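For reference, work17.cif (mmCIF, C-alpha atoms and all ligand atoms):
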```
data_input
loop_
_atom_site.label_atom_id
_atom_site.label_comp_id
_atom_site.auth_asym_id
_atom_site.auth_seq_id
_atom_site.Cartn_x
_atom_site.Cartn_y
_atom_site.Cartn_z
CA MET A 1 -217.97 -61.02 -33.47
CA GLY A 2 -214.50 -59.64 -34.03
CA THR A 3 -213.25 -56.37 -32.68
CA SER A 4 -209.82 -56.27 -34.27
CA SER A 5 -208.68 -52.75 -35.21
CA ALA A 6 -211.11 -51.43 -32.59
CA VAL A 7 -210.36 -48.07 -31.05
CA LYS A 8 -211.36 -47.62 -27.47
CA VAL A 9 -211.69 -43.99 -26.53
CA SER A 10 -211.62 -42.52 -23.05
CA ILE A 11 -211.49 -38.94 -21.94
CA ARG A 12 -209.84 -37.54 -18.85
CA VAL A 13 -210.74 -34.19 -17.32
CA ARG A 14 -207.88 -32.78 -15.27
CA PRO A 15 -208.35 -30.50 -12.23
CA PHE A 16 -208.35 -26.69 -12.71
CA ASN A 17 -204.81 -25.35 -12.82
CA LYS A 18 -203.49 -22.27 -10.99
CA ARG A 19 -204.03 -19.97 -13.94
CA GLU A 20 -207.62 -21.08 -14.37
CA LEU A 21 -208.32 -20.71 -10.66
CA SER A 22 -206.73 -17.26 -10.58
CA ILE A 23 -209.01 -15.96 -13.34
CA GLY A 24 -212.03 -17.60 -11.74
CA ALA A 25 -212.67 -19.91 -14.70
CA LYS A 26 -215.97 -21.78 -14.63
CA CYS A 27 -216.43 -25.45 -15.39
CA ALA A 28 -217.58 -25.98 -18.99
CA LEU A 29 -217.89 -29.75 -18.70
CA ALA A 30 -220.25 -32.18 -17.07
CA VAL A 31 -219.62 -35.90 -16.94
CA GLU A 32 -222.32 -38.46 -16.29
CA GLY A 33 -221.23 -42.06 -16.65
CA VAL A 34 -219.79 -42.42 -20.15
CA LYS A 35 -221.34 -39.16 -21.33
CA CYS A 36 -219.57 -35.84 -21.40
CA THR A 37 -221.30 -32.53 -22.11
CA ALA A 38 -219.36 -29.43 -23.09
CA THR A 39 -221.12 -26.09 -22.99
CA ASN A 40 -219.96 -22.95 -24.82
CA ASP A 41 -221.75 -19.64 -25.49
CA LYS A 42 -223.92 -21.17 -28.18
CA GLU A 43 -224.68 -24.75 -27.34
CA ALA A 44 -224.33 -27.74 -25.07
CA LYS A 45 -222.90 -30.72 -26.90
CA THR A 46 -223.00 -34.24 -25.48
CA PHE A 47 -220.67 -37.06 -26.53
CA SER A 48 -220.45 -40.69 -25.45
CA PHE A 49 -217.14 -42.42 -24.87
CA ASP A 50 -216.02 -45.79 -23.59
CA GLU A 51 -215.03 -44.17 -20.33
CA CYS A 52 -214.83 -40.70 -18.81
CA PHE A 53 -212.30 -40.04 -16.09
CA TRP A 54 -212.99 -37.08 -13.88
CA SER A 55 -210.16 -35.85 -11.69
CA PHE A 56 -211.68 -33.46 -9.16
CA ASP A 57 -214.80 -32.30 -7.34
CA LYS A 58 -216.05 -34.55 -4.56
CA SER A 59 -219.51 -34.83 -6.07
CA GLN A 60 -218.01 -36.81 -8.95
CA GLU A 61 -216.13 -40.05 -8.80
CA PHE A 62 -212.44 -39.21 -8.60
CA SER A 63 -210.14 -40.92 -11.08
CA SER A 64 -206.63 -41.58 -9.88
CA GLN A 65 -203.67 -42.77 -11.95
CA GLU A 66 -204.47 -46.28 -10.67
CA ASN A 67 -208.08 -46.02 -11.88
CA VAL A 68 -206.91 -45.02 -15.36
CA TYR A 69 -204.42 -47.89 -15.38
CA GLU A 70 -207.04 -50.39 -14.18
CA SER A 71 -209.30 -49.43 -17.04
CA ILE A 72 -206.87 -48.97 -19.93
CA GLY A 73 -203.55 -50.49 -18.91
CA THR A 74 -204.70 -53.92 -17.76
CA GLU A 75 -206.73 -54.46 -20.92
CA LEU A 76 -203.91 -53.29 -23.15
CA LEU A 77 -201.42 -55.55 -21.41
CA LYS A 78 -203.71 -58.54 -21.76
CA HIS A 79 -203.97 -58.01 -25.51
CA ALA A 80 -200.23 -57.47 -25.82
CA LEU A 81 -199.50 -60.69 -23.93
CA ASP A 82 -202.00 -62.51 -26.14
CA GLY A 83 -199.76 -61.51 -29.04
CA TYR A 84 -201.50 -58.44 -30.49
CA ASN A 85 -199.81 -55.17 -31.33
CA CYS A 86 -201.22 -52.43 -29.17
CA CYS A 87 -201.19 -48.67 -29.44
CA LEU A 88 -202.16 -46.14 -26.80
CA MET A 89 -202.08 -42.47 -27.54
CA ALA A 90 -202.77 -39.42 -25.44
CA TYR A 91 -204.40 -36.65 -27.46
CA GLY A 92 -205.30 -33.12 -26.41
CA GLN A 93 -204.45 -29.49 -26.01
CA THR A 94 -201.14 -28.54 -24.40
CA GLY A 95 -201.47 -28.58 -20.62
CA ALA A 96 -204.52 -30.86 -20.68
CA GLY A 97 -202.80 -33.79 -18.94
CA LYS A 98 -201.31 -36.01 -21.66
CA SER A 99 -197.85 -36.38 -20.12
CA PHE A 100 -199.31 -36.65 -16.62
CA SER A 101 -201.46 -39.54 -17.82
CA MET A 102 -198.73 -41.29 -19.83
CA MET A 103 -195.67 -40.73 -17.65
CA GLY A 104 -196.93 -39.14 -14.44
CA SER A 105 -194.57 -38.36 -11.62
CA ARG A 106 -192.56 -40.46 -9.20
CA LYS A 107 -195.34 -40.23 -6.61
CA GLN A 108 -198.14 -40.61 -9.15
CA PRO A 109 -196.82 -42.91 -11.88
CA GLY A 110 -198.74 -42.78 -15.14
CA LEU A 111 -199.70 -45.46 -17.63
CA ILE A 112 -196.22 -46.27 -18.98
CA PRO A 113 -194.59 -47.02 -15.60
CA GLN A 114 -197.66 -48.93 -14.41
CA ILE A 115 -197.82 -51.00 -17.60
CA ALA A 116 -194.08 -51.72 -17.36
CA SER A 117 -194.38 -52.76 -13.73
CA SER A 118 -197.23 -55.23 -14.42
CA LEU A 119 -195.47 -56.54 -17.50
CA TYR A 120 -192.44 -57.61 -15.43
CA ASP A 121 -194.70 -59.16 -12.79
CA PHE A 122 -196.26 -61.15 -15.59
CA ALA A 123 -192.85 -62.12 -16.98
CA ALA A 124 -191.92 -63.49 -13.55
CA LYS A 125 -195.10 -65.59 -13.52
CA ASN A 126 -194.32 -66.77 -17.06
CA GLU A 127 -190.90 -67.91 -15.93
CA ASN A 128 -192.45 -70.19 -13.30
CA GLU A 129 -194.30 -71.89 -16.14
CA GLY A 130 -191.17 -72.28 -18.22
CA ILE A 131 -191.98 -69.40 -20.55
CA GLN A 132 -189.19 -66.98 -21.33
CA THR A 133 -190.11 -63.35 -21.80
CA GLU A 134 -187.75 -60.98 -23.57
CA ILE A 135 -188.48 -57.28 -23.28
CA GLU A 136 -186.88 -54.50 -25.27
CA VAL A 137 -187.78 -50.83 -25.41
CA SER A 138 -187.23 -47.98 -27.82
CA TYR A 139 -188.02 -44.30 -27.48
CA MET A 140 -188.23 -41.79 -30.29
CA GLU A 141 -189.51 -38.34 -30.93
CA ILE A 142 -191.19 -37.03 -34.05
CA TYR A 143 -190.51 -33.35 -34.36
CA CYS A 144 -191.21 -31.36 -37.53
CA GLU A 145 -191.73 -34.67 -39.39
CA LYS A 146 -188.27 -35.88 -38.40
CA VAL A 147 -187.57 -38.91 -36.24
CA ARG A 148 -185.00 -38.60 -33.50
CA ASP A 149 -183.84 -41.44 -31.31
CA LEU A 150 -184.26 -40.29 -27.72
CA LEU A 151 -181.91 -43.06 -26.63
CA GLY A 152 -179.22 -42.08 -29.10
CA LYS A 153 -176.64 -39.30 -29.07
CA LYS A 154 -177.67 -35.69 -29.39
CA SER A 155 -175.48 -35.34 -32.47
CA ASP A 156 -177.14 -38.25 -34.28
CA LYS A 157 -178.81 -37.45 -37.59
CA PRO A 158 -182.59 -37.88 -37.87
CA LEU A 159 -183.57 -41.47 -38.65
CA ARG A 160 -185.45 -42.65 -41.70
CA VAL A 161 -188.71 -44.49 -41.83
CA ARG A 162 -188.71 -47.52 -44.09
CA GLU A 163 -191.27 -50.11 -44.91
CA HIS A 164 -190.57 -53.82 -45.00
CA PRO A 165 -192.94 -55.67 -47.37
CA ALA A 166 -193.91 -58.21 -44.74
CA LEU A 167 -192.99 -56.62 -41.42
CA GLY A 168 -194.36 -53.15 -42.13
CA PRO A 169 -192.93 -49.70 -41.36
CA TYR A 170 -189.97 -49.30 -39.05
CA VAL A 171 -187.36 -46.72 -38.16
CA GLU A 172 -183.99 -47.55 -39.58
CA GLY A 173 -181.30 -47.68 -36.91
CA LEU A 174 -183.61 -47.00 -33.96
CA LYS A 175 -182.01 -48.29 -30.75
CA LYS A 176 -183.79 -51.11 -28.96
CA LEU A 177 -182.54 -51.65 -25.45
CA ALA A 178 -183.07 -54.82 -23.49
CA ALA A 179 -184.68 -53.98 -20.15
CA THR A 180 -184.60 -56.72 -17.54
CA SER A 181 -186.66 -54.98 -14.87
CA SER A 182 -189.36 -52.34 -14.68
CA GLU A 183 -186.87 -50.02 -12.93
CA GLU A 184 -184.56 -50.37 -15.89
CA ALA A 185 -187.39 -49.68 -18.35
CA LEU A 186 -188.38 -46.65 -16.28
CA GLN A 187 -184.81 -45.32 -16.25
CA ILE A 188 -184.72 -45.60 -20.04
CA MET A 189 -188.00 -43.69 -20.27
CA LEU A 190 -186.71 -40.96 -17.97
CA SER A 191 -183.46 -40.55 -19.89
CA GLY A 192 -185.50 -40.26 -23.10
CA ASN A 193 -187.80 -37.68 -21.52
CA ALA A 194 -184.78 -35.60 -20.56
CA ALA A 195 -183.70 -35.61 -24.20
CA ARG A 196 -187.09 -34.52 -25.56
CA THR A 197 -187.24 -31.29 -27.44
CA VAL A 198 -189.14 -28.79 -25.41
CA ALA A 199 -190.14 -25.33 -26.47
CA ALA A 200 -192.19 -23.09 -24.25
CA THR A 201 -195.52 -21.86 -25.48
CA ASN A 202 -197.83 -19.38 -23.86
CA MET A 203 -199.92 -22.23 -22.57
CA ASN A 204 -197.44 -24.41 -20.76
CA GLN A 205 -193.82 -23.51 -20.25
CA SER A 206 -192.51 -27.04 -20.27
CA SER A 207 -194.80 -28.62 -22.80
CA SER A 208 -193.28 -30.56 -25.62
CA ARG A 209 -194.07 -29.72 -29.22
CA SER A 210 -193.08 -33.17 -30.39
CA HIS A 211 -194.74 -36.57 -30.48
CA ALA A 212 -193.01 -39.00 -28.11
CA VAL A 213 -193.27 -42.68 -29.02
CA PHE A 214 -192.20 -45.20 -26.38
CA GLN A 215 -192.30 -48.77 -27.64
CA ILE A 216 -192.13 -52.06 -25.80
CA PHE A 217 -191.24 -55.19 -27.77
CA ILE A 218 -192.33 -58.39 -26.07
CA LYS A 219 -191.24 -61.86 -27.06
CA GLN A 220 -192.64 -64.87 -25.18
CA LYS A 221 -191.05 -68.19 -25.91
CA LYS A 222 -191.43 -71.71 -24.60
CA SER A 223 -189.25 -74.57 -25.69
CA GLU A 224 -189.14 -78.18 -24.60
CA ASP A 225 -186.12 -80.37 -25.29
CA GLY A 226 -184.72 -77.64 -27.51
CA VAL A 227 -187.89 -77.50 -29.65
CA ASN A 228 -190.03 -74.37 -29.77
CA VAL A 229 -193.49 -75.07 -28.34
CA PHE A 230 -194.64 -71.55 -29.02
CA GLU A 231 -193.42 -68.06 -29.67
CA LYS A 232 -195.53 -64.93 -29.36
CA LYS A 233 -194.35 -61.49 -30.39
CA SER A 234 -196.04 -58.17 -29.87
CA LYS A 235 -195.29 -54.49 -29.96
CA VAL A 236 -196.80 -51.88 -27.68
CA ALA A 237 -196.61 -48.23 -28.81
CA LEU A 238 -197.27 -45.68 -26.06
CA ILE A 239 -197.56 -42.22 -27.53
CA ASP A 240 -197.61 -38.81 -25.92
CA LEU A 241 -198.81 -36.69 -28.82
CA ALA A 242 -197.88 -33.04 -29.29
CA GLY A 243 -200.49 -30.47 -28.29
CA SER A 244 -203.52 -30.50 -30.58
CA GLU A 245 -204.16 -26.73 -30.35
CA ARG A 246 -203.89 -24.64 -33.48
CA SER A 247 -200.58 -22.79 -33.45
CA SER A 248 -202.29 -19.39 -33.28
CA SER A 249 -204.04 -20.17 -30.01
CA ALA A 250 -200.76 -21.17 -28.41
CA GLY A 251 -199.31 -17.83 -29.45
CA THR A 252 -196.52 -19.42 -31.43
CA VAL A 253 -194.38 -17.29 -33.69
CA GLY A 254 -191.38 -17.69 -35.97
CA THR A 255 -189.78 -21.10 -35.80
CA ARG A 256 -192.49 -22.32 -33.51
CA LEU A 257 -195.09 -21.43 -36.10
CA LYS A 258 -193.19 -23.66 -38.51
CA GLU A 259 -193.21 -26.40 -35.88
CA GLY A 260 -196.93 -25.87 -35.50
CA GLY A 261 -197.42 -26.55 -39.18
CA ALA A 262 -195.42 -29.77 -39.09
CA ILE A 263 -197.13 -30.93 -35.93
CA ASN A 264 -200.45 -30.19 -37.47
CA LYS A 265 -199.46 -32.23 -40.49
CA SER A 266 -198.97 -35.35 -38.37
CA LEU A 267 -202.07 -34.67 -36.29
CA THR A 268 -204.18 -33.69 -39.28
CA THR A 269 -203.10 -36.86 -41.05
CA LEU A 270 -203.83 -38.88 -37.94
CA GLY A 271 -207.34 -37.39 -38.08
CA LYS A 272 -207.61 -38.25 -41.77
CA VAL A 273 -206.41 -41.82 -41.19
CA ILE A 274 -208.93 -42.28 -38.40
CA HIS A 275 -211.65 -40.82 -40.60
CA ALA A 276 -210.72 -43.13 -43.50
CA LEU A 277 -210.68 -46.16 -41.18
CA SER A 278 -214.01 -45.19 -39.62
CA GLU A 279 -215.57 -44.85 -43.07
CA LYS A 280 -213.93 -48.09 -44.22
CA LYS A 281 -212.33 -46.22 -47.11
CA LYS A 282 -210.15 -48.23 -49.49
CA HIS A 283 -207.36 -45.71 -49.31
CA VAL A 284 -206.02 -44.83 -45.88
CA PRO A 285 -203.38 -42.05 -46.16
CA TYR A 286 -200.93 -43.59 -43.69
CA ARG A 287 -197.88 -42.44 -45.63
CA GLU A 288 -198.82 -38.76 -45.61
CA SER A 289 -197.09 -38.22 -42.29
CA VAL A 290 -194.31 -39.89 -40.36
CA LEU A 291 -196.48 -40.55 -37.31
CA THR A 292 -199.28 -42.28 -39.21
CA TRP A 293 -196.86 -44.22 -41.38
CA LEU A 294 -195.22 -45.63 -38.26
CA LEU A 295 -198.62 -46.36 -36.75
CA LYS A 296 -199.79 -48.20 -39.85
CA ASP A 297 -199.52 -51.63 -38.26
CA SER A 298 -200.95 -50.37 -34.97
CA LEU A 299 -204.02 -48.58 -36.28
CA GLY A 300 -205.47 -51.23 -38.52
CA GLY A 301 -205.48 -54.94 -39.10
CA ASN A 302 -204.78 -57.18 -36.20
CA SER A 303 -204.03 -54.56 -33.59
CA ARG A 304 -205.80 -52.67 -30.84
CA THR A 305 -205.80 -48.98 -30.23
CA TRP A 306 -206.67 -46.93 -27.18
CA VAL A 307 -207.07 -43.17 -27.25
CA LEU A 308 -206.96 -41.12 -24.08
CA ALA A 309 -208.23 -37.62 -24.83
CA ALA A 310 -207.10 -35.19 -22.16
CA VAL A 311 -209.13 -32.02 -21.56
CA SER A 312 -209.23 -29.00 -19.29
CA PRO A 313 -212.49 -28.37 -17.41
CA ALA A 314 -212.23 -24.57 -17.80
CA ASP A 315 -214.62 -22.46 -19.83
CA ASP A 316 -211.82 -20.44 -21.42
CA SER A 317 -210.55 -23.66 -23.07
CA VAL A 318 -213.96 -24.89 -24.15
CA GLU A 319 -213.38 -24.42 -27.89
CA GLU A 320 -210.19 -26.51 -27.78
CA THR A 321 -211.97 -29.01 -25.55
CA LEU A 322 -214.83 -29.28 -28.05
CA SER A 323 -212.35 -29.83 -30.84
CA THR A 324 -210.66 -32.60 -28.79
CA LEU A 325 -214.02 -34.22 -27.98
CA ARG A 326 -215.04 -34.14 -31.66
CA TRP A 327 -211.74 -35.72 -32.66
CA ALA A 328 -212.12 -38.40 -29.99
CA ASP A 329 -215.71 -39.00 -31.07
CA ARG A 330 -214.55 -39.66 -34.63
CA ALA A 331 -211.81 -42.01 -33.39
CA ARG A 332 -214.46 -44.00 -31.60
CA LYS A 333 -216.35 -44.66 -34.81
CA VAL A 334 -213.50 -46.82 -36.09
CA GLN A 335 -214.62 -49.42 -33.59
CA CYS A 336 -218.26 -49.53 -34.70
CA HIS A 337 -217.40 -50.07 -38.35
CA ALA A 338 -214.75 -52.67 -37.63
CA VAL A 339 -217.21 -54.62 -35.51
CA ILE A 340 -220.07 -54.40 -38.00
CA ASN A 341 -217.89 -55.43 -40.92
CA GLU A 342 -216.61 -58.47 -39.21
CA ASP A 343 -219.96 -59.86 -38.16
P1 LIG B 401 -199.76 -31.99 -21.44
O1 LIG B 401 -198.77 -33.09 -21.46
O2 LIG B 401 -201.07 -32.40 -22.04
O3 LIG B 401 -199.25 -30.73 -22.05
P2 LIG B 401 -199.41 -32.17 -18.59
O4 LIG B 401 -199.63 -33.62 -18.45
O5 LIG B 401 -198.02 -31.70 -18.55
O6 LIG B 401 -200.10 -31.64 -19.93
O7 LIG B 401 -200.32 -31.47 -17.50
C1 LIG B 401 -200.23 -30.09 -17.21
C2 LIG B 401 -200.22 -29.91 -15.68
O8 LIG B 401 -201.43 -30.38 -15.10
C3 LIG B 401 -199.11 -30.67 -15.01
O9 LIG B 401 -198.59 -29.88 -13.97
C4 LIG B 401 -199.79 -31.90 -14.45
O10 LIG B 401 -199.14 -32.39 -13.31
C5 LIG B 401 -201.19 -31.39 -14.13
N1 LIG B 401 -202.20 -32.46 -14.33
C6 LIG B 401 -202.62 -32.92 -15.51
N2 LIG B 401 -203.56 -33.86 -15.36
C7 LIG B 401 -203.75 -34.00 -14.04
C8 LIG B 401 -204.59 -34.83 -13.23
N3 LIG B 401 -205.45 -35.70 -13.78
N4 LIG B 401 -204.52 -34.70 -11.88
C9 LIG B 401 -203.66 -33.83 -11.33
N5 LIG B 401 -202.84 -33.01 -12.03
C10 LIG B 401 -202.87 -33.10 -13.37
MG MG B 402 -196.82 -32.99 -22.28
#
```

Could I get this structure in the form of structure tokens?
Ligand code: ADP
Ligand code: MG
Amino acid sequence: MGTSSAVKVSIRVRPFNKRELSIGAKCALAVEGVKCTATNDKEAKTFSFDECFWSFDKSQEFSSQENVYESIGTELLKHALDGYNCCLMAYGQTGAGKSFSMMGSRKQPGLIPQIASSLYDFAAKNENEGIQTEIEVSYMEIYCEKVRDLLGKKSDKPLRVREHPALGPYVEGLKKLAATSSEEALQIMLSGNAARTVAATNMNQSSSRSHAVFQIFIKQKKSEDGVNVFEKKSKVALIDLAGSERSSSAGTVGTRLKEGGAINKSLTTLGKVIHALSEKKKHVPYRESVLTWLLKDSLGGNSRTWVLAAVSPADDSVEETLSTLRWADRARKVQCHAVINED
């Protein structure tokens, strides 16, 4: 039974934030094992996921950054080292915990730093067995359907997406930097984060309105007497998506409303692509947005995808939370169909 092009979907409920505590927000979510129930004024809706991470309340099992890494990161790294392309994206409303989960802080490193750290440990082990591991990273931002190299100069023009007939879509001129240690990879990530376009919204002052795509290119090579015994290549895309909220609920106006439209285009298309894949449609509209075009070789075929849907526990966010859970639920269906079709 094959599970290629499977999407594994987890949700993560963050703790109440200061604003929610100050207005005395109630908890609208209940998690039991892999089931999550969201309750609004009208109904209680239960969804099943591959995993539910709960971040507070002693009566529930607490999920730390390490727990999330153990579940998602180790599996992803294994597939990447086996030679598969991997894609992990954090989806959810602004302020729901996407960046915390992907990047984290110095004290509580998120998925990207933890994946990088284990990758270099693995490379060191590889070396003992005579296998060379080359690691390069790139970091770009998709903002209003334009690609910007976060490792390039501020004055650089937006980059173009192209498609190679055999190698698939790529960003023309995107910098790939060799990183020889996890510290170096982390420094590159941090310098890219500093360059990210941020625009305050009513929901979260420092939240980014762009999609941030951090990629790790891994090449493993073994040669004996100058002859290649094997070579394995894989690409890992780690994506901190822009907030999934509709622009009106974030109180965006003027230029930000325009941004909202463009962001929605990429996210709406991502939804459409996932829907088409889950329904095994012949036509998958990858090329309708920059994000999905670039993800073409990560979302189908011989690659693996993980979705981490971040949600707030608070009742005043329950409609956005429901919309995130519905989206995540649809993403999960890609897996079922892929598995059934390959039996
Ligand atoms: P997003 O990237 O989705 O807009 P952030 O990751 O920036 O949201 O999270 C918003 C705030 O909530 C940040 O201050 C972050 O540190 C905090 N936060 C998010 N998730 C968690 C968590 N699981 N545990 C503790 N704090 C969290
Ligand atoms: Mg963020």

Could you build a table of the residues in chain A lying no more than 10 Å from ligand LIG 401 (chain B), giving for each the nearest pair of atoms and their separation in Å rounded to one decimal place, using all atoms listed in the file, ordered by chain and ascending residue number, as JSON lines?
```
{"residue": "A:Arg12", "atom": "CA", "partner": "B:LIG401", "partner_atom": "N3", "distance": 7.0}
{"residue": "A:Val13", "atom": "CA", "partner": "B:LIG401", "partner_atom": "N3", "distance": 6.5}
{"residue": "A:Arg14", "atom": "CA", "partner": "B:LIG401", "partner_atom": "N3", "distance": 4.1}
{"residue": "A:Pro15", "atom": "CA", "partner": "B:LIG401", "partner_atom": "N4", "distance": 5.7}
{"residue": "A:Phe16", "atom": "CA", "partner": "B:LIG401", "partner_atom": "O8", "distance": 8.2}
{"residue": "A:Asn17", "atom": "CA", "partner": "B:LIG401", "partner_atom": "O8", "distance": 6.5}
{"residue": "A:Lys18", "atom": "CA", "partner": "B:LIG401", "partner_atom": "O8", "distance": 9.3}
{"residue": "A:Phe53", "atom": "CA", "partner": "B:LIG401", "partner_atom": "N3", "distance": 8.4}
{"residue": "A:Trp54", "atom": "CA", "partner": "B:LIG401", "partner_atom": "N3", "distance": 7.7}
{"residue": "A:Ser55", "atom": "CA", "partner": "B:LIG401", "partner_atom": "N3", "distance": 5.2}
{"residue": "A:Phe56", "atom": "CA", "partner": "B:LIG401", "partner_atom": "N4", "distance": 7.8}
{"residue": "A:Phe62", "atom": "CA", "partner": "B:LIG401", "partner_atom": "N3", "distance": 9.4}
{"residue": "A:Ser63", "atom": "CA", "partner": "B:LIG401", "partner_atom": "N3", "distance": 7.5}
{"residue": "A:Ser64", "atom": "CA", "partner": "B:LIG401", "partner_atom": "N3", "distance": 7.2}
{"residue": "A:Gln65", "atom": "CA", "partner": "B:LIG401", "partner_atom": "N3", "distance": 7.5}
{"residue": "A:Val68", "atom": "CA", "partner": "B:LIG401", "partner_atom": "N3", "distance": 9.6}
{"residue": "A:Ala90", "atom": "CA", "partner": "B:LIG401", "partner_atom": "O2", "distance": 8.0}
{"residue": "A:Tyr91", "atom": "CA", "partner": "B:LIG401", "partner_atom": "O2", "distance": 7.7}
{"residue": "A:Gly92", "atom": "CA", "partner": "B:LIG401", "partner_atom": "O2", "distance": 6.1}
{"residue": "A:Gln93", "atom": "CA", "partner": "B:LIG401", "partner_atom": "O2", "distance": 6.0}
{"residue": "A:Thr94", "atom": "CA", "partner": "B:LIG401", "partner_atom": "O3", "distance": 3.7}
{"residue": "A:Gly95", "atom": "CA", "partner": "B:LIG401", "partner_atom": "O3", "distance": 3.4}
{"residue": "A:Ala96", "atom": "CA", "partner": "B:LIG401", "partner_atom": "O2", "distance": 4.0}
{"residue": "A:Gly97", "atom": "CA", "partner": "B:LIG401", "partner_atom": "O4", "distance": 3.2}
{"residue": "A:Lys98", "atom": "CA", "partner": "B:LIG401", "partner_atom": "O2", "distance": 3.6}
{"residue": "A:Ser99", "atom": "CA", "partner": "B:LIG401", "partner_atom": "O1", "distance": 3.7}
{"residue": "A:Phe100", "atom": "CA", "partner": "B:LIG401", "partner_atom": "O4", "distance": 3.6}
{"residue": "A:Ser101", "atom": "CA", "partner": "B:LIG401", "partner_atom": "O4", "distance": 6.2}
{"residue": "A:Met102", "atom": "CA", "partner": "B:LIG401", "partner_atom": "O4", "distance": 7.8}
{"residue": "A:Met103", "atom": "CA", "partner": "B:LIG401", "partner_atom": "O4", "distance": 8.2}
{"residue": "A:Gly104", "atom": "CA", "partner": "B:LIG401", "partner_atom": "O10", "distance": 7.2}
{"residue": "A:Ser105", "atom": "CA", "partner": "B:LIG401", "partner_atom": "O10", "distance": 7.7}
{"residue": "A:Gln108", "atom": "CA", "partner": "B:LIG401", "partner_atom": "C9", "distance": 9.0}
{"residue": "A:Gly110", "atom": "CA", "partner": "B:LIG401", "partner_atom": "O4", "distance": 9.8}
{"residue": "A:Met203", "atom": "CA", "partner": "B:LIG401", "partner_atom": "O3", "distance": 8.5}
{"residue": "A:Asn204", "atom": "CA", "partner": "B:LIG401", "partner_atom": "O3", "distance": 6.7}
{"residue": "A:Gln205", "atom": "CA", "partner": "B:LIG401", "partner_atom": "O3", "distance": 9.2}
{"residue": "A:Ser206", "atom": "CA", "partner": "B:LIG401", "partner_atom": "O5", "distance": 7.4}
{"residue": "A:Ser207", "atom": "CA", "partner": "B:LIG401", "partner_atom": "O3", "distance": 5.0}
{"residue": "A:Ser208", "atom": "CA", "partner": "B:LIG401", "partner_atom": "O3", "distance": 7.0}
{"residue": "A:Arg209", "atom": "CA", "partner": "B:LIG401", "partner_atom": "O3", "distance": 8.9}
{"residue": "A:Asp240", "atom": "CA", "partner": "B:LIG401", "partner_atom": "O1", "distance": 7.3}
{"residue": "A:Leu241", "atom": "CA", "partner": "B:LIG401", "partner_atom": "O1", "distance": 8.2}
{"residue": "A:Ala242", "atom": "CA", "partner": "B:LIG401", "partner_atom": "O3", "distance": 7.7}
{"residue": "A:Gly243", "atom": "CA", "partner": "B:LIG401", "partner_atom": "O3", "distance": 6.4}
{"residue": "A:Ser244", "atom": "CA", "partner": "B:LIG401", "partner_atom": "O2", "distance": 9.1}
{"residue": "A:Ala309", "atom": "CA", "partner": "B:LIG401", "partner_atom": "O2", "distance": 9.3}
{"residue": "A:Ala310", "atom": "CA", "partner": "B:LIG401", "partner_atom": "O2", "distance": 6.6}
{"residue": "A:Val311", "atom": "CA", "partner": "B:LIG401", "partner_atom": "O2", "distance": 8.1}
{"residue": "A:Ser312", "atom": "CA", "partner": "B:LIG401", "partner_atom": "N2", "distance": 8.4}
```

Practice problem: In Å, rounded to a single decimal, give me how far CA of Arg246 (chain A) is from CA of Glu320 (chain A). | Solution: 8.7 Å

Quiz item: Hey, which of A:Ser210, A:Asn40, A:Thr46, A:Ser317 ends up closest to ligand MG 402 (chain B)? Count only C-alpha atoms and all ligand atoms.
Solution: A:Ser210

Practice problem: Work out how far CA of Pro113 (chain A) is from CA of Lys153 (chain A), in Å to one decimal. | Solution: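 Taking CA of Lys153 (chain A) and CA of Pro113 (chain A), their separation equals 23.7 Å.
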
Quiz prompt | Neighbour list for region 287-291 of chain A as a ChimeraX atom specification, cut-off 12 Å, all atoms listed in the file, skip fewer than 4 positions in-chain | solution = /A:89,140-148,159-163,168-171,210-213,237,239-242,262-273,283,295-299

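CA of Arg196 (chain A) is found 10.2 Å from CA of Lys154 (chain A).
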
Quiz prompt | Minimum-distance residue to Gln220 (chain A), chosen among A:Ser138, A:Asn126, A:Thr305, A:Ser155 (using only C-alpha atoms) | solution =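 Of the candidates, the smallest distance to Gln220 (chain A) is held by A:Asn126.
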
Close residues, Met189 (chain A) itself excluded, 10 Å, all atoms listed in the file, min 4 positions apart in chain, as an mmCIF file with C-alpha atoms, in the coordinates of the input:
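This went into around.cif:
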```cif
data_model
loop_
_atom_site.group_PDB
_atom_site.id
_atom_site.type_symbol
_atom_site.label_atom_id
_atom_site.label_comp_id
_atom_site.auth_asym_id
_atom_site.auth_seq_id
_atom_site.Cartn_x
_atom_site.Cartn_y
_atom_site.Cartn_z
ATOM 1 C CA MET A 103 -195.670 -40.730 -17.650
ATOM 2 C CA ILE A 112 -196.220 -46.270 -18.980
ATOM 3 C CA PRO A 113 -194.590 -47.020 -15.600
ATOM 4 C CA VAL A 137 -187.780 -50.830 -25.410
ATOM 5 C CA SER A 138 -187.230 -47.980 -27.820
ATOM 6 C CA TYR A 139 -188.020 -44.300 -27.480
ATOM 7 C CA LEU A 150 -184.260 -40.290 -27.720
ATOM 8 C CA LEU A 151 -181.910 -43.060 -26.630
ATOM 9 C CA GLU A 183 -186.870 -50.020 -12.930
ATOM 10 C CA GLU A 184 -184.560 -50.370 -15.890
ATOM 11 C CA ALA A 185 -187.390 -49.680 -18.350
ATOM 12 C CA ASN A 193 -187.800 -37.680 -21.520
ATOM 13 C CA ALA A 194 -184.780 -35.600 -20.560
ATOM 14 C CA ALA A 195 -183.700 -35.610 -24.200
ATOM 15 C CA PHE A 214 -192.200 -45.200 -26.380
ATOM 16 C CA GLN A 215 -192.300 -48.770 -27.640
#
```

Self-check item: Nearest-residue call for Thr39 (chain A), choices A:Val334, A:Trp327, A:Asp315, A:Asn67, using all atoms listed in the file
Solution: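 So, comparing all the options, the nearest one is A:Asp315.
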